[in-house]
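Take a look at the structure set out below.
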Amino acid sequence: MRTPVHRHFLAFVTITSAALLLTACGSGDPDTTSVSAKSPKVPTTDVVSAVRKDGSAAKLLPAGTTSLTVAVSVGGTPPGTTYVDDGKTLTGQDVDFAKAVARVLGIRLKVEQASFEAILPALDSGKYDVGASNFGVTDERRKTIDFVTYINDGQGFATRADSKLAKITDLRQLCGLKVATSAGTTFEATLEQNKHVCADAGKKAYEVQTYAESSAIWSSVQQGRSDVVMSTINGLRYDVAHQEGLKFLNEFHRLDVGFAFKKGSELTPAFQAAVNRLLSDGTYERILKKWGTTGSAIKTSQISPPELKG
């Protein structure tokens, strides 16, 4: 673990710089059918300020820890990290959980924005103390990263409402299709690692198209450059609920989601105790209700549990 830092930061710093993200482009003729957003307001209910410090959890922090740097990835839609209407203040389920845990532990946060795929490698270098961007707990990631779980989400599929695609239970159903997903995610890894299933079945391989922002993913689907999207279950359900012309296909694989730390970090016991405190005092339920993710509730926080199978 990096040595605890003693910097004078305001609690829960908001980020004012816009994300500098590159989006990939697919091929194919654009389709004129559009997907129109309903433009819902981002939830702004305050579910954090009433949280109080818990002495027993705070005692589990390494001595002298008064502030931590938390990295988040911005650019998606709720419940992922996004901006409120002012275009400056960060919000989202992960942000609320990070703020709530910090209040339980009595520490200050410096929130820094980073691309999703850059956060986990940067934990090892000590650039960040914690990553909070809906990181799924996988056995591969557990080799180099420690996790403290706080929700259960996972992998799912969605597409245009006029698509003939139905429930995806086997990746061989994707053979010959163009699959849009986010770069550096478990979705990309799952798709790349299993490309052989099409060749094994004597079928044309599916094409994996990666993007840095969810808006680019849906634009690709809208324009007919992608056939289907693989992303977070909660994120897909939100997008489908708030955009016309889309449909959620199904959950594919559930995963525990957790705060990410450098392997061997001494911060994990304190974060686990803080999450469990939120579970017991009602804050946890209020956060999930705010973001419409009550189906992702866990019963207790765990440190680096084995990847969920099946």
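Numbering starts fresh at 1 for the residues of each chain in the structure tokens, the chains themselves are lettered A, B, ... in the order given, and ligands are numbered from 1 as they appear.
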Counting only C-alpha atoms, which residues of stretch 210-240 of chain A sit at most 9 Å from some atom of stretch 153-162 of chain A, and what is each one's closest atom pair with its distance in Å to one decimal, listed by chain and rising residue number, as CSV?
```
residue,atom,partner,partner_atom,distance
A:Trp218,CA,A:Thr159,CA,8.9
A:Val221,CA,A:Arg160,CA,7.0
A:Gln222,CA,A:Arg160,CA,7.5
A:Ser226,CA,A:Thr159,CA,8.9
A:Asp227,CA,A:Thr159,CA,6.7
A:Val228,CA,A:Thr159,CA,4.8
A:Val229,CA,A:Ala158,CA,5.3
A:Met230,CA,A:Phe157,CA,4.6
A:Ser231,CA,A:Gly156,CA,5.6
A:Thr232,CA,A:Gln155,CA,5.0
A:Ile233,CA,A:Gly156,CA,4.9
A:Asn234,CA,A:Asp153,CA,6.6
A:Leu236,CA,A:Ala158,CA,6.6
A:Arg237,CA,A:Ala158,CA,8.5
A:Val240,CA,A:Ala158,CA,7.9
```
Those residues you just picked out, can you put them in a file as an mmCIF file, in the first residue's frame with C-alpha atoms?
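The resulting file, out.cif, is shown below:
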```
data_model
loop_
_atom_site.group_PDB
_atom_site.id
_atom_site.type_symbol
_atom_site.label_atom_id
_atom_site.label_comp_id
_atom_site.auth_asym_id
_atom_site.auth_seq_id
_atom_site.Cartn_x
_atom_site.Cartn_y
_atom_site.Cartn_z
ATOM 1 C CA TRP A 218 -25.552 3.586 -28.566
ATOM 2 C CA VAL A 221 -26.266 0.675 -32.536
ATOM 3 C CA GLN A 222 -28.504 3.506 -33.697
ATOM 4 C CA SER A 226 -23.295 -2.606 -34.205
ATOM 5 C CA ASP A 227 -25.838 -5.381 -33.725
ATOM 6 C CA VAL A 228 -25.846 -5.816 -29.973
ATOM 7 C CA VAL A 229 -24.363 -4.281 -26.803
ATOM 8 C CA MET A 230 -22.716 -6.120 -23.926
ATOM 9 C CA SER A 231 -22.411 -4.044 -20.765
ATOM 10 C CA THR A 232 -23.406 -3.799 -17.107
ATOM 11 C CA ILE A 233 -26.820 -5.149 -16.207
ATOM 12 C CA ASN A 234 -27.753 -2.013 -14.280
ATOM 13 C CA LEU A 236 -28.262 -1.398 -19.722
ATOM 14 C CA ARG A 237 -31.525 -1.440 -17.796
ATOM 15 C CA VAL A 240 -33.287 0.977 -22.117
#
```
Please provide the set of residues having any atom within 12 Å of A:Val95, restricted to only C-alpha atoms, with same-chain residues fewer than 6 positions apart removed, written as a PDB file with C-alpha atoms, in the first residue's frame.
```pdb
ATOM      1  CA  PHE A  12     -15.557  15.189  -1.886  1.00  0.00           C
ATOM      2  CA  VAL A  13     -13.859  17.342  -4.496  1.00  0.00           C
ATOM      3  CA  THR A  14     -15.843  17.812  -7.688  1.00  0.00           C
ATOM      4  CA  ILE A  15     -14.138  17.638 -11.038  1.00  0.00           C
ATOM      5  CA  ASP A  46     -28.838  13.500  -0.765  1.00  0.00           C
ATOM      6  CA  VAL A  47     -28.254  10.048   0.707  1.00  0.00           C
ATOM      7  CA  VAL A  48     -24.803  10.700   2.169  1.00  0.00           C
ATOM      8  CA  VAL A  70     -10.149   7.819  -5.373  1.00  0.00           C
ATOM      9  CA  ALA A  71     -10.193   7.298  -9.145  1.00  0.00           C
ATOM     10  CA  VAL A  72     -13.482   7.208 -11.055  1.00  0.00           C
ATOM     11  CA  SER A  73     -14.324   6.801 -14.719  1.00  0.00           C
ATOM     12  CA  VAL A  74     -16.780   9.341 -16.116  1.00  0.00           C
ATOM     13  CA  PRO A  78     -26.571   6.531 -14.349  1.00  0.00           C
ATOM     14  CA  PRO A  79     -26.127   4.579 -12.205  1.00  0.00           C
ATOM     15  CA  GLY A  80     -22.553   5.002 -13.476  1.00  0.00           C
ATOM     16  CA  THR A  81     -20.556   8.146 -12.760  1.00  0.00           C
ATOM     17  CA  THR A  82     -21.829  11.207 -14.584  1.00  0.00           C
ATOM     18  CA  TYR A  83     -22.456  14.922 -13.990  1.00  0.00           C
ATOM     19  CA  THR A  89     -20.432  18.078 -10.052  1.00  0.00           C
ATOM     20  CA  VAL A 101     -17.582   5.113   3.154  1.00  0.00           C
ATOM     21  CA  ALA A 102     -15.333   8.146   3.615  1.00  0.00           C
ATOM     22  CA  LEU A 109     -11.339  12.244  -0.447  1.00  0.00           C
ATOM     23  CA  LYS A 110      -9.613  13.594  -3.485  1.00  0.00           C
ATOM     24  CA  VAL A 111     -11.647  12.362  -6.461  1.00  0.00           C
ATOM     25  CA  GLU A 112      -9.739  12.096  -9.716  1.00  0.00           C
ATOM     26  CA  GLN A 113     -11.108  11.283 -13.140  1.00  0.00           C
ATOM     27  CA  VAL A 130      -8.813   3.330  -4.482  1.00  0.00           C
ATOM     28  CA  GLY A 131     -10.686   2.680  -7.718  1.00  0.00           C
ATOM     29  CA  ALA A 132     -14.475   3.098  -7.745  1.00  0.00           C
ATOM     30  CA  SER A 133     -15.943   2.436 -11.184  1.00  0.00           C
ATOM     31  CA  ASN A 134     -18.161  -0.636 -11.013  1.00  0.00           C
ATOM     32  CA  PHE A 259     -13.766  -0.966  -4.555  1.00  0.00           C
ATOM     33  CA  ILE A 287     -28.303   4.579  -2.135  1.00  0.00           C
ATOM     34  CA  TRP A 291     -30.227   4.712  -8.408  1.00  0.00           C
TER      35      TRP A 291
END
```
Item to check | Best match for closeness to A:Val42 among A:Gly292, A:Gly136, A:Gly55, A:Pro306, counting only C-alpha atoms | outcome: A:Gly292
Just want the 9 Å neighbourhood of stretch 199-202 of chain A, counted on only C-alpha atoms, with same-chain residues fewer than 3 positions away dropped. Output as a PDB file with N, CA and C atoms, in the first residue's frame.
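Written out: part.pdb:
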```pdb
ATOM      1  N   ARG A 172     -22.267 -18.322 -28.754  1.00  0.00           N
ATOM      2  CA  ARG A 172     -22.361 -18.759 -30.150  1.00  0.00           C
ATOM      3  C   ARG A 172     -23.534 -18.097 -30.863  1.00  0.00           C
ATOM      4  N   CYS A 175     -22.311 -15.234 -33.125  1.00  0.00           N
ATOM      5  CA  CYS A 175     -21.462 -15.492 -34.290  1.00  0.00           C
ATOM      6  C   CYS A 175     -21.963 -14.732 -35.515  1.00  0.00           C
ATOM      7  N   LYS A 195     -13.865 -15.989 -28.409  1.00  0.00           N
ATOM      8  CA  LYS A 195     -14.083 -15.887 -29.852  1.00  0.00           C
ATOM      9  C   LYS A 195     -14.010 -17.243 -30.547  1.00  0.00           C
ATOM     10  N   HIS A 196     -13.242 -18.137 -29.958  1.00  0.00           N
ATOM     11  CA  HIS A 196     -13.038 -19.448 -30.579  1.00  0.00           C
ATOM     12  C   HIS A 196     -14.324 -20.258 -30.684  1.00  0.00           C
ATOM     13  N   ALA A 205     -16.831 -15.734 -36.977  1.00  0.00           N
ATOM     14  CA  ALA A 205     -16.582 -15.120 -35.672  1.00  0.00           C
ATOM     15  C   ALA A 205     -17.376 -13.830 -35.510  1.00  0.00           C
TER      16      ALA A 205
END
```
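Take the candidates A:Val179, A:Gly64, A:Arg225, A:Phe187 and check each one against A:Glu207 using only C-alpha atoms; the shortest distance goes to A:Val179.
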Next on the checklist: If DSSP is run on the backbone, what residues of stretch 278-307 of chain A are alpha helix (DSSP H)? A reply as number ranges by chain would be ideal.
Outcome noted: A: 278-281, 283-291
Item to check | Members of stretch 183-263 of chain A assigned strand (DSSP E or B) by DSSP, as number ranges by chain | outcome: A: 207-211, 228-232, 243, 246-262
Tell me which protein, DNA and RNA residues are within 10 Å of A:Thr44, counting only C-alpha atoms, leaving out same-chain ones fewer than 3 positions away, and put them as a CSV table (one decimal) with C-alpha atoms, in the first residue's frame.
```
chain,number,residue,atom,x,y,z
A,41,LYS,CA,-32.9,14.3,-14.8
A,47,VAL,CA,-28.3,10.0,0.7
A,84,VAL,CA,-25.5,16.7,-12.5
A,85,ASP,CA,-27.1,19.5,-14.5
A,91,THR,CA,-22.6,11.9,-9.2
A,92,GLY,CA,-23.5,8.3,-9.5
A,290,LYS,CA,-31.9,6.4,-5.4
A,291,TRP,CA,-30.2,4.7,-8.4
```
Next on the checklist: Can you tell me which residues surround A:Asp129 at a distance of at most 12 Å, considering only C-alpha atoms, apart from same-chain residues fewer than 6 positions away, and format the answer as a VMD selection string?
Outcome noted: chain A and resid 1 to 5 65 67 to 72 109 to 112 119 to 123 145 to 146 259 to 268 271
Checklist entry - What gap, in Å, lies between atom CA of A:Glu140 and atom CA of A:Glu307? => result 8.8 Å
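Of the residues listed (A:Ser214, A:Thr77, A:His253, A:Tyr284), A:Thr77 shows the shortest atom-to-atom separation from A:Ala241; distances use only C-alpha atoms.
Taking atom CA of A:Glu251 and atom CA of A:Ser115 as the two end points, the separation is 25.2 Å.
Among the candidates A:Lys53, A:Lys204, A:Lys88, A:Arg141, the residue lying nearest to A:Gly184 is A:Arg141 (atoms considered: only C-alpha atoms).
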